[in-house]
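Enquirer: Got entry-v9.tsv for you, TSV, C-alpha atoms:
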chain	number	residue	atom	x	y	z
A	1	MET	CA	0.00	0.00	0.00
A	2	ASN	CA	1.24	3.50	-0.82
A	3	SER	CA	1.16	6.55	1.41
A	4	PHE	CA	-1.42	9.26	0.75
A	5	MET	CA	1.35	11.88	0.56
A	6	SER	CA	4.91	12.50	-0.50
A	7	TRP	CA	7.47	13.85	1.98
A	8	ILE	CA	11.06	15.00	2.09
A	9	GLY	CA	13.24	11.96	2.70
A	10	GLY	CA	10.30	9.59	2.24
A	11	LYS	CA	11.23	5.91	2.09
A	12	LYS	CA	9.22	4.88	-0.97
A	13	ALA	CA	12.39	3.81	-2.83
A	14	LEU	CA	13.87	1.92	0.14
A	15	ARG	CA	10.79	0.41	1.78
A	16	ASP	CA	11.35	-3.14	0.49
A	17	GLU	CA	14.94	-3.09	1.78
A	18	ILE	CA	13.67	-1.92	5.17
A	19	VAL	CA	10.65	-4.19	5.70
A	20	VAL	CA	12.55	-7.37	4.79
A	21	ARG	CA	14.97	-6.51	7.63
A	22	PHE	CA	12.26	-6.34	10.30
A	23	PRO	CA	12.75	-8.67	13.30
A	24	ALA	CA	11.16	-12.10	13.18
A	25	HIS	CA	9.22	-11.49	16.39
A	26	TYR	CA	7.81	-8.31	17.92
A	27	SER	CA	4.36	-7.18	19.08
A	28	ARG	CA	4.77	-3.39	19.28
A	29	TYR	CA	5.77	-1.39	16.18
A	30	ILE	CA	6.73	2.24	16.74
A	31	GLU	CA	7.60	4.54	13.84
A	32	VAL	CA	9.53	7.28	15.64
A	33	PHE	CA	9.99	9.82	12.80
A	34	GLY	CA	6.81	9.11	10.85
A	35	GLY	CA	7.03	11.61	7.97
A	36	GLY	CA	5.16	10.29	4.94
A	37	GLY	CA	4.63	6.90	6.61
A	38	TRP	CA	5.88	4.91	3.60
A	39	VAL	CA	7.20	2.07	5.76
A	40	LEU	CA	4.11	1.99	7.99
A	41	PHE	CA	1.79	1.76	4.97
A	42	HIS	CA	4.01	-0.86	3.31
A	43	LYS	CA	4.25	-3.28	6.26
A	44	ALA	CA	1.53	-5.86	6.91
A	45	PRO	CA	-1.15	-4.48	9.27
A	46	GLY	CA	-3.16	-6.08	12.03
A	47	LYS	CA	-0.61	-8.30	13.78
A	48	ASP	CA	0.90	-5.77	16.16
A	49	PHE	CA	0.24	-2.64	18.18
A	50	GLU	CA	1.26	0.27	15.92
A	51	VAL	CA	2.36	3.82	16.75
A	52	TYR	CA	3.03	6.67	14.32
A	53	ASN	CA	4.94	9.65	15.74
A	54	ASP	CA	6.29	12.90	14.36
A	55	PHE	CA	7.49	16.06	16.08
A	56	ASN	CA	5.87	18.28	13.42
A	57	PRO	CA	2.43	19.22	14.87
A	58	ASN	CA	0.97	20.08	11.46
A	59	LEU	CA	1.92	16.64	10.19
A	60	THR	CA	0.43	14.72	13.12
A	61	ASN	CA	-2.72	16.86	12.94
A	62	LEU	CA	-3.03	15.89	9.26
A	63	TYR	CA	-2.69	12.20	10.12
A	64	ARG	CA	-5.35	12.43	12.83
A	65	CYS	CA	-7.74	14.18	10.44
A	66	VAL	CA	-7.12	11.54	7.75
A	67	ARG	CA	-7.84	8.80	10.30
A	68	ASP	CA	-10.83	10.40	12.03
A	69	HIS	CA	-12.37	12.93	9.60
A	70	PRO	CA	-11.59	11.91	5.99
A	71	ASP	CA	-14.87	13.17	4.51
A	72	GLU	CA	-14.59	16.57	6.17
A	73	LEU	CA	-10.95	16.85	5.07
A	74	CYS	CA	-11.84	16.07	1.45
A	75	ASP	CA	-14.65	18.65	1.60
A	76	GLU	CA	-12.13	21.30	2.69
A	77	LEU	CA	-9.84	20.31	-0.18
A	78	ARG	CA	-12.54	19.97	-2.85
A	79	TYR	CA	-12.37	23.51	-4.24
A	80	THR	CA	-8.81	24.52	-3.46
A	81	LEU	CA	-6.95	26.48	-6.13
A	82	ASN	CA	-3.64	25.27	-7.53
A	83	SER	CA	-2.19	28.77	-7.73
A	84	ARG	CA	0.88	30.57	-6.45
A	85	THR	CA	-1.24	33.25	-4.78
A	86	ASP	CA	-3.26	30.67	-2.86
A	87	PHE	CA	-0.11	28.72	-1.99
A	88	ASP	CA	1.68	31.79	-0.59
A	89	HIS	CA	-1.39	32.83	1.41
A	90	ILE	CA	-1.73	29.39	3.01
A	91	ARG	CA	1.97	29.15	3.77
A	92	GLU	CA	1.96	32.59	5.43
A	93	THR	CA	-1.17	31.73	7.43
A	94	LEU	CA	0.38	28.53	8.80
A	95	HIS	CA	3.62	30.34	9.67
A	96	THR	CA	1.83	33.04	11.66
A	97	LYS	CA	0.50	30.36	14.05
A	98	THR	CA	-3.03	31.64	13.44
A	99	ASP	CA	-5.69	29.75	15.38
A	100	ILE	CA	-7.26	27.53	12.69
A	101	PRO	CA	-9.70	24.63	13.19
A	102	ASN	CA	-7.90	21.29	12.96
A	103	ILE	CA	-9.55	20.09	9.75
A	104	LYS	CA	-8.92	23.35	7.91
A	105	ARG	CA	-5.32	23.38	9.19
A	106	ALA	CA	-4.87	19.81	7.91
A	107	ALA	CA	-6.28	20.81	4.50
A	108	TYR	CA	-3.94	23.80	4.32
A	109	PHE	CA	-0.94	21.66	5.18
A	110	TYR	CA	-1.88	18.92	2.72
A	111	GLN	CA	-2.27	21.53	-0.02
A	112	LEU	CA	1.25	22.82	0.72
A	113	ILE	CA	2.67	19.29	0.52
A	114	ARG	CA	0.91	18.51	-2.76
A	115	GLU	CA	1.63	21.82	-4.50
A	116	SER	CA	5.18	22.56	-3.33
A	117	TYR	CA	8.35	21.67	-5.21
A	118	ALA	CA	9.61	18.23	-4.06
A	119	SER	CA	7.14	18.46	-1.14
A	120	GLY	CA	9.50	20.97	0.47
A	121	LEU	CA	6.61	23.23	1.61
A	122	ASP	CA	8.45	26.44	0.74
A	123	SER	CA	8.15	27.00	-3.04
A	124	PHE	CA	5.24	26.60	-5.44
A	125	ALA	CA	5.83	23.78	-7.93
A	126	SER	CA	3.82	25.28	-10.83
A	127	GLN	CA	2.64	21.81	-11.90
A	128	PRO	CA	-0.88	20.76	-12.96
A	129	HIS	CA	-2.53	18.73	-10.22
A	130	SER	CA	-6.11	17.75	-9.40
A	131	MET	CA	-6.66	17.60	-5.67
A	132	TRP	CA	-9.64	15.29	-6.28
A	133	ASN	CA	-7.22	12.55	-7.38
A	134	ASN	CA	-6.04	12.37	-3.76
A	135	PHE	CA	-9.44	11.61	-2.23
A	136	PRO	CA	-9.31	7.82	-2.80
A	137	LEU	CA	-5.80	7.80	-1.26
A	138	ILE	CA	-7.06	9.66	1.80
A	139	HIS	CA	-9.95	7.22	2.33
A	140	GLU	CA	-7.67	4.22	1.86
A	141	ALA	CA	-5.22	5.69	4.40
A	142	CYS	CA	-8.14	6.30	6.78
A	143	ARG	CA	-8.96	2.58	6.78
A	144	ARG	CA	-5.32	1.61	7.32
A	145	LEU	CA	-4.84	4.05	10.23
A	146	GLN	CA	-7.91	3.07	12.25
A	147	LYS	CA	-5.94	1.15	14.90
A	148	VAL	CA	-2.76	3.22	14.71
A	149	VAL	CA	-1.90	5.44	17.69
A	150	ILE	CA	-0.76	8.88	16.48
A	151	GLU	CA	1.68	10.76	18.71
A	152	ASN	CA	3.36	14.17	18.56
A	153	LYS	CA	6.32	13.74	20.93
A	154	ASP	CA	10.04	14.28	21.20
A	155	PHE	CA	11.72	11.07	20.02
A	156	GLU	CA	13.45	10.31	23.33
A	157	LYS	CA	10.26	10.67	25.37
A	158	LEU	CA	8.41	8.48	22.88
A	159	ILE	CA	11.06	5.73	22.86
A	160	LYS	CA	11.19	5.60	26.65
A	161	GLN	CA	7.40	5.51	26.87
A	162	TYR	CA	6.97	2.56	24.49
A	163	ASP	CA	10.16	0.61	25.14
A	164	ARG	CA	9.59	-3.03	26.09
A	165	PRO	CA	11.50	-6.24	25.21
A	166	GLU	CA	8.80	-6.92	22.60
A	167	SER	CA	9.00	-3.41	21.05
A	168	PHE	CA	10.44	-2.66	17.62
A	169	PHE	CA	11.35	0.90	16.71
A	170	TYR	CA	11.84	1.98	13.11
A	171	CYS	CA	13.63	5.34	12.98
A	172	ASP	CA	14.14	7.61	9.97
A	173	PRO	CA	15.43	10.85	11.51
A	174	PRO	CA	16.42	14.02	9.66
A	175	TYR	CA	19.64	13.07	7.92
A	176	TYR	CA	22.94	14.44	9.13
A	177	GLU	CA	23.60	17.96	7.80
A	178	THR	CA	20.23	18.05	6.00
A	179	GLU	CA	18.23	19.04	9.08
A	180	ASP	CA	17.24	22.44	7.63
A	181	TYR	CA	15.08	20.70	5.02
A	182	TYR	CA	12.47	19.94	7.69
A	183	GLU	CA	10.27	22.74	9.00
A	184	ASP	CA	9.15	22.89	12.66
A	185	VAL	CA	11.65	20.21	13.73
A	186	GLY	CA	14.92	21.84	14.80
A	187	PHE	CA	17.15	18.74	14.78
A	188	THR	CA	20.72	19.46	15.95
A	189	GLU	CA	24.07	17.71	16.38
A	190	LYS	CA	23.15	17.06	20.01
A	191	ASP	CA	19.91	15.43	18.87
A	192	HIS	CA	21.83	12.99	16.65
A	193	GLU	CA	23.97	12.09	19.68
A	194	ARG	CA	20.91	11.89	21.95
A	195	LEU	CA	19.19	9.53	19.51
A	196	ALA	CA	22.23	7.24	19.34
A	197	ASN	CA	22.59	7.09	23.12
A	198	CYS	CA	18.87	6.45	23.56
A	199	LEU	CA	18.61	3.67	20.96
A	200	CYS	CA	21.74	1.89	22.12
A	201	SER	CA	20.29	1.49	25.62
A	202	ILE	CA	16.76	0.23	24.88
A	203	GLN	CA	15.24	-3.13	25.86
A	204	GLY	CA	13.59	-3.63	22.46
A	205	LYS	CA	14.97	-3.73	18.93
A	206	PHE	CA	15.55	-0.90	16.48
A	207	LEU	CA	16.21	-0.40	12.79
A	208	LEU	CA	17.53	2.98	11.75
A	209	SER	CA	17.98	4.50	8.29
A	210	TYR	CA	20.53	7.31	7.80
A	211	ASN	CA	22.67	8.95	5.17
A	212	ASP	CA	26.12	7.35	4.91
A	213	CYS	CA	28.64	9.75	6.42
A	214	PRO	CA	31.63	9.44	8.78
A	215	ARG	CA	29.89	11.09	11.73
A	216	ILE	CA	26.96	8.65	11.76
A	217	ARG	CA	29.28	5.66	11.35
A	218	GLU	CA	31.26	6.97	14.32
A	219	LEU	CA	28.17	7.46	16.50
A	220	TYR	CA	26.92	3.91	16.01
A	221	SER	CA	30.16	1.91	15.93
A	222	ARG	CA	29.41	0.32	19.30
A	223	PRO	CA	29.22	-3.22	20.68
A	224	GLY	CA	26.01	-5.00	19.75
A	225	ILE	CA	25.32	-2.73	16.77
A	226	ILE	CA	25.27	-3.73	13.09
A	227	ILE	CA	25.78	-1.14	10.34
A	228	GLU	CA	24.99	-2.05	6.73
A	229	SER	CA	25.57	0.09	3.66
A	230	THR	CA	23.04	0.27	0.84
A	231	SER	CA	21.91	2.77	-1.79
A	232	ARG	CA	18.86	3.99	-3.64
A	233	LEU	CA	18.21	6.11	-6.70
A	234	ASN	CA	18.75	9.80	-6.03
A	235	ASN	CA	15.43	11.10	-7.35
A	236	ILE	CA	16.43	14.77	-7.52
A	237	ALA	CA	19.71	14.00	-9.29
A	238	GLN	CA	17.91	12.01	-12.01
A	239	ARG	CA	17.22	15.29	-13.79
A	240	TYR	CA	20.88	15.72	-14.70
A	241	GLU	CA	22.55	12.33	-13.99
A	242	ALA	CA	20.42	9.26	-14.74
A	243	GLY	CA	21.01	6.31	-12.46
A	244	LYS	CA	22.84	8.29	-9.76
A	245	GLN	CA	22.69	6.51	-6.39
A	246	TYR	CA	22.37	7.94	-2.88
A	247	ALA	CA	24.39	6.11	-0.22
A	248	GLU	CA	22.50	5.11	2.93
A	249	LEU	CA	23.11	3.20	6.13
A	250	LEU	CA	20.79	0.70	7.81
A	251	ILE	CA	21.68	0.37	11.50
A	252	SER	CA	20.26	-2.19	13.93
A	253	ASN	CA	20.82	-3.89	17.28
A	254	TYR	CA	19.87	-7.35	15.92
A	255	ASP	CA	20.67	-9.57	12.95
A	256	THR	CA	18.56	-8.20	10.09
A	257	ALA	CA	18.42	-11.64	8.43
A	258	GLU	CA	16.51	-13.26	11.31
A	259	TRP	CA	13.10	-12.87	9.61
A	260	LEU	CA	14.56	-14.44	6.47
A	261	GLU	CA	15.72	-17.42	8.51
A	262	SER	CA	12.25	-17.77	10.05
A	263	CYS	CA	10.76	-17.99	6.52
A	264	ARG	CA	13.14	-20.84	5.73
A	265	GLN	CA	12.22	-22.70	8.90
A	266	MET	CA	8.48	-22.35	8.24
A	267	SER	CA	8.91	-23.46	4.60
A	268	LEU	CA	7.58	-20.15	3.23
A	269	PHE	CA	9.58	-20.64	0.05
A	270	ASP	CA	8.15	-17.77	-2.01
A	271	LEU	CA	8.79	-15.24	0.73
A	272	PHE	CA	12.19	-16.79	1.39
A	273	GLU	CA	13.26	-16.46	-2.25
A	274	GLU	CA	12.00	-12.87	-2.54
A	275	SER	CA	13.73	-11.86	0.71
A	276	THR	CA	16.94	-13.65	-0.23
A	277	GLU	CA	17.12	-11.65	-3.45
A	278	ILE	CA	16.78	-8.35	-1.55
A	279	LEU	CA	19.31	-9.28	1.15
A	280	LYS	CA	21.80	-10.85	-1.25
A	281	GLY	CA	25.24	-9.40	-0.73
A	282	ARG	CA	24.56	-7.42	2.44
A	283	LYS	CA	27.48	-5.03	3.00
A	284	PHE	CA	28.52	-4.69	6.63
A	285	VAL	CA	30.58	-1.68	7.63
A	286	TRP	CA	30.38	-2.45	11.38
A	287	LYS	CA	29.39	-5.59	13.26
A	288	GLN	CA	30.54	-6.33	16.78
A	289	GLU	CA	29.02	-8.61	19.40
A	290	LYS	CA	28.02	-7.03	22.71
A	291	SER	CA	30.25	-8.19	25.55
A	292	GLU	CA	28.51	-9.98	28.40
As a first step, turn the structure in this file into structure tokens.
Expert:
Amino acid sequence: MNSFMSWIGGKKALRDEIVVRFPAHYSRYIEVFGGGGWVLFHKAPGKDFEVYNDFNPNLTNLYRCVRDHPDELCDELRYTLNSRTDFDHIRETLHTKTDIPNIKRAAYFYQLIRESYASGLDSFASQPHSMWNNFPLIHEACRRLQKVVIENKDFEKLIKQYDRPESFFYCDPPYYETEDYYEDVGFTEKDHERLANCLCSIQGKFLLSYNDCPRIRELYSRPGIIIESTSRLNNIAQRYEAGKQYAELLISNYDTAEWLESCRQMSLFDLFEESTEILKGRKFVWKQEKSE
């Protein structure tokens, strides 16, 4: 299933690589930096307790309105204008922190996402787009989100609140030195360090996606941590360099092939073959057992 929205740093291109690395056993799934929710919508629903979190209040308000008031949200969006004047007015209104009813605020924010260049929220894309085409996506997302808890918390408070031995945290934070791309977040160097210290001390399991850079490798090169390198197509760069790849890291505190092994043991051959193809040639850049 696809998300109902695009988002900066969304994991549409990497979602298969991520989901196949999920742990074999967990009962609580917590998406700490929810964004566009591409991994949440891609994973199988209904078998675990699910939490979507993001620190951006406009984003979590949008998710709650999609889950709880899809018809009212679509009504607000039905006669919006795809124009620069309308875009600039809505952007200015949201930035002034004007008191706006939640459904109207969600409609404003969704319009900015859909009509901005690369979903960056700051510049009008000047592209033809029918908002009505999004209504089926919104209703489909509404059905998927019915049992999902939606939170708007600082990542450390959220992780500590939901941490249990049976918890699994998927984290896709603002990438190192790209933090300014995300409005209303304010992620800093200290936050990258705080996230690493928090994740490396939890009871549950985590899988973390990051841009591949020396600082992130340094932060997570610790006992009990596995760092894999992978890549995806760089969508923005495709305009001038076809096939250009963007280097990423997948960081975990468990063996990311354990679900694959469980498929083999349960004789789920189709799933096993598909997963084997994705995980073929995993590239480890750090793997060290935790000392007892």
Enquirer: Taking only C-alpha atoms into account, name the residue in A:Tyr26, A:Phe87, A:Tyr170, A:Phe109 that is nearest to Val51 (chain A).
Expert: A:Tyr170
Enquirer: Let me have the centre and edge lengths in Å, one decimal, of the box along x, y and z around every listed atom of region 84-90 of chain A with 6 Å of margin on each side, as AutoDock Vina command-line options.
Expert:
--center_x -0.8 --center_y 31.0 --center_z -1.7 --size_x 16.9 --size_y 16.5 --size_z 21.5
Enquirer: Per residue of region 173-237 of chain A within 10 Å of region 144-167 of chain A, note the shortest atom pair and the distance in Å to one decimal, counting all atoms listed in the file, and order the rows by chain and increasing residue number, as a Markdown table.
Expert:
| residue | atom | partner | partner_atom | distance |
| --- | --- | --- | --- | --- |
| A:Pro173 | CA | A:Phe155 | CA | 9.3 |
| A:Val185 | CA | A:Asp154 | CA | 9.7 |
| A:Asp191 | CA | A:Phe155 | CA | 9.3 |
| A:Arg194 | CA | A:Glu156 | CA | 7.7 |
| A:Leu195 | CA | A:Glu156 | CA | 6.9 |
| A:Asn197 | CA | A:Glu156 | CA | 9.7 |
| A:Cys198 | CA | A:Glu156 | CA | 6.7 |
| A:Leu199 | CA | A:Ile159 | CA | 8.1 |
| A:Ile202 | CA | A:Asp163 | CA | 6.6 |
| A:Gln203 | CA | A:Pro165 | CA | 4.9 |
| A:Gly204 | CA | A:Pro165 | CA | 4.3 |
| A:Lys205 | CA | A:Ser167 | CA | 6.3 |
| A:Phe206 | CA | A:Ser167 | CA | 8.4 |
Enquirer: Check the smallest atom-to-atom distance from each of A:Arg15, A:Lys290, A:Arg84, A:Arg64 to Leu112 (chain A) using only C-alpha atoms, then report the winner.
Expert: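 Smallest distance to Leu112 (chain A) is found for A:Arg84.
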Enquirer: For region 220-225 of chain A, work out the shell of residues within 8 Å, counting all atoms listed in the file and skipping chain neighbours fewer than 3 positions away, then give it as a list in words.
Expert: Ala196, Cys200, Ile216, Arg217, Ile251, Ser252, Asn253, Tyr254, Trp286, Lys287, Gln288, Glu289, Lys290 and Ser291 of chain A
Enquirer: How many Å separate CA of Val20 (chain A) from CA of Gly35 (chain A)?
Expert: 20.0 Å
Enquirer: Grab the CA of Thr80 (chain A) to CA of Lys104 (chain A) distance for me, in Å with one decimal place.
Expert: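 A separation of 11.4 Å between them.
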Enquirer: Kindly give the distance, in Å, that separates CA of Ile226 (chain A) and CA of Leu279 (chain A), rounded to a single decimal.
Expert: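 These atoms are spaced 14.5 Å apart.
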Enquirer: List every protein, DNA or RNA residue that has an atom no more than 10 Å from (5.1, 17.3, -12.5) in the file's coordinate frame, counting all atoms listed in the file, and report them as a list of chain:residue names.
Expert: A:Glu115, A:Tyr117, A:Ala118, A:Ala125, A:Ser126, A:Gln127, A:Pro128, A:His129
Enquirer: Please provide the set of residues having any atom within 9 Å of Tyr108 (chain A), restricted to only C-alpha atoms, with same-chain residues fewer than 3 positions apart removed, written as a list in words.
Expert: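 Counting only the stated atoms, we get Glu76, Leu77, Phe87, Ile90, Arg91, Thr93, Leu94, Ile103, Lys104, Arg105, Gln111, Leu112 and Ile113 of chain A.
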Enquirer: Using only C-alpha atoms for the distances, tell me which of A:Pro214, A:Pro23, A:Pro101, A:Gly36 is nearest to Glu248 (chain A).
Expert: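 Smallest distance to Glu248 (chain A) is found for A:Pro214.
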Enquirer: Applying 12 Å and only C-alpha atoms, which residues near Phe135 (chain A) remain after dropping the ones on its own chain fewer than 2 positions away? List them as a PyMOL selection string.
Expert: chain A and resi 4-5+66+70-78+107+110+130-133+137-142
Enquirer: Residues at most 8 Å from Ala257 (chain A), counting all atoms listed in the file, excluding those fewer than 2 positions away in the same chain, as number ranges by chain?
Expert: A: 21, 255, 259-261, 279
Enquirer: Could you give me, as number ranges by chain, the residues within 12 Å of Gly10 (chain A), counting all atoms listed in the file and dropping anything in the same chain fewer than 4 positions from it?
Expert: A: 2-6, 14-15, 33-41, 118-120, 172-175, 182, 209-210, 232, 234-235
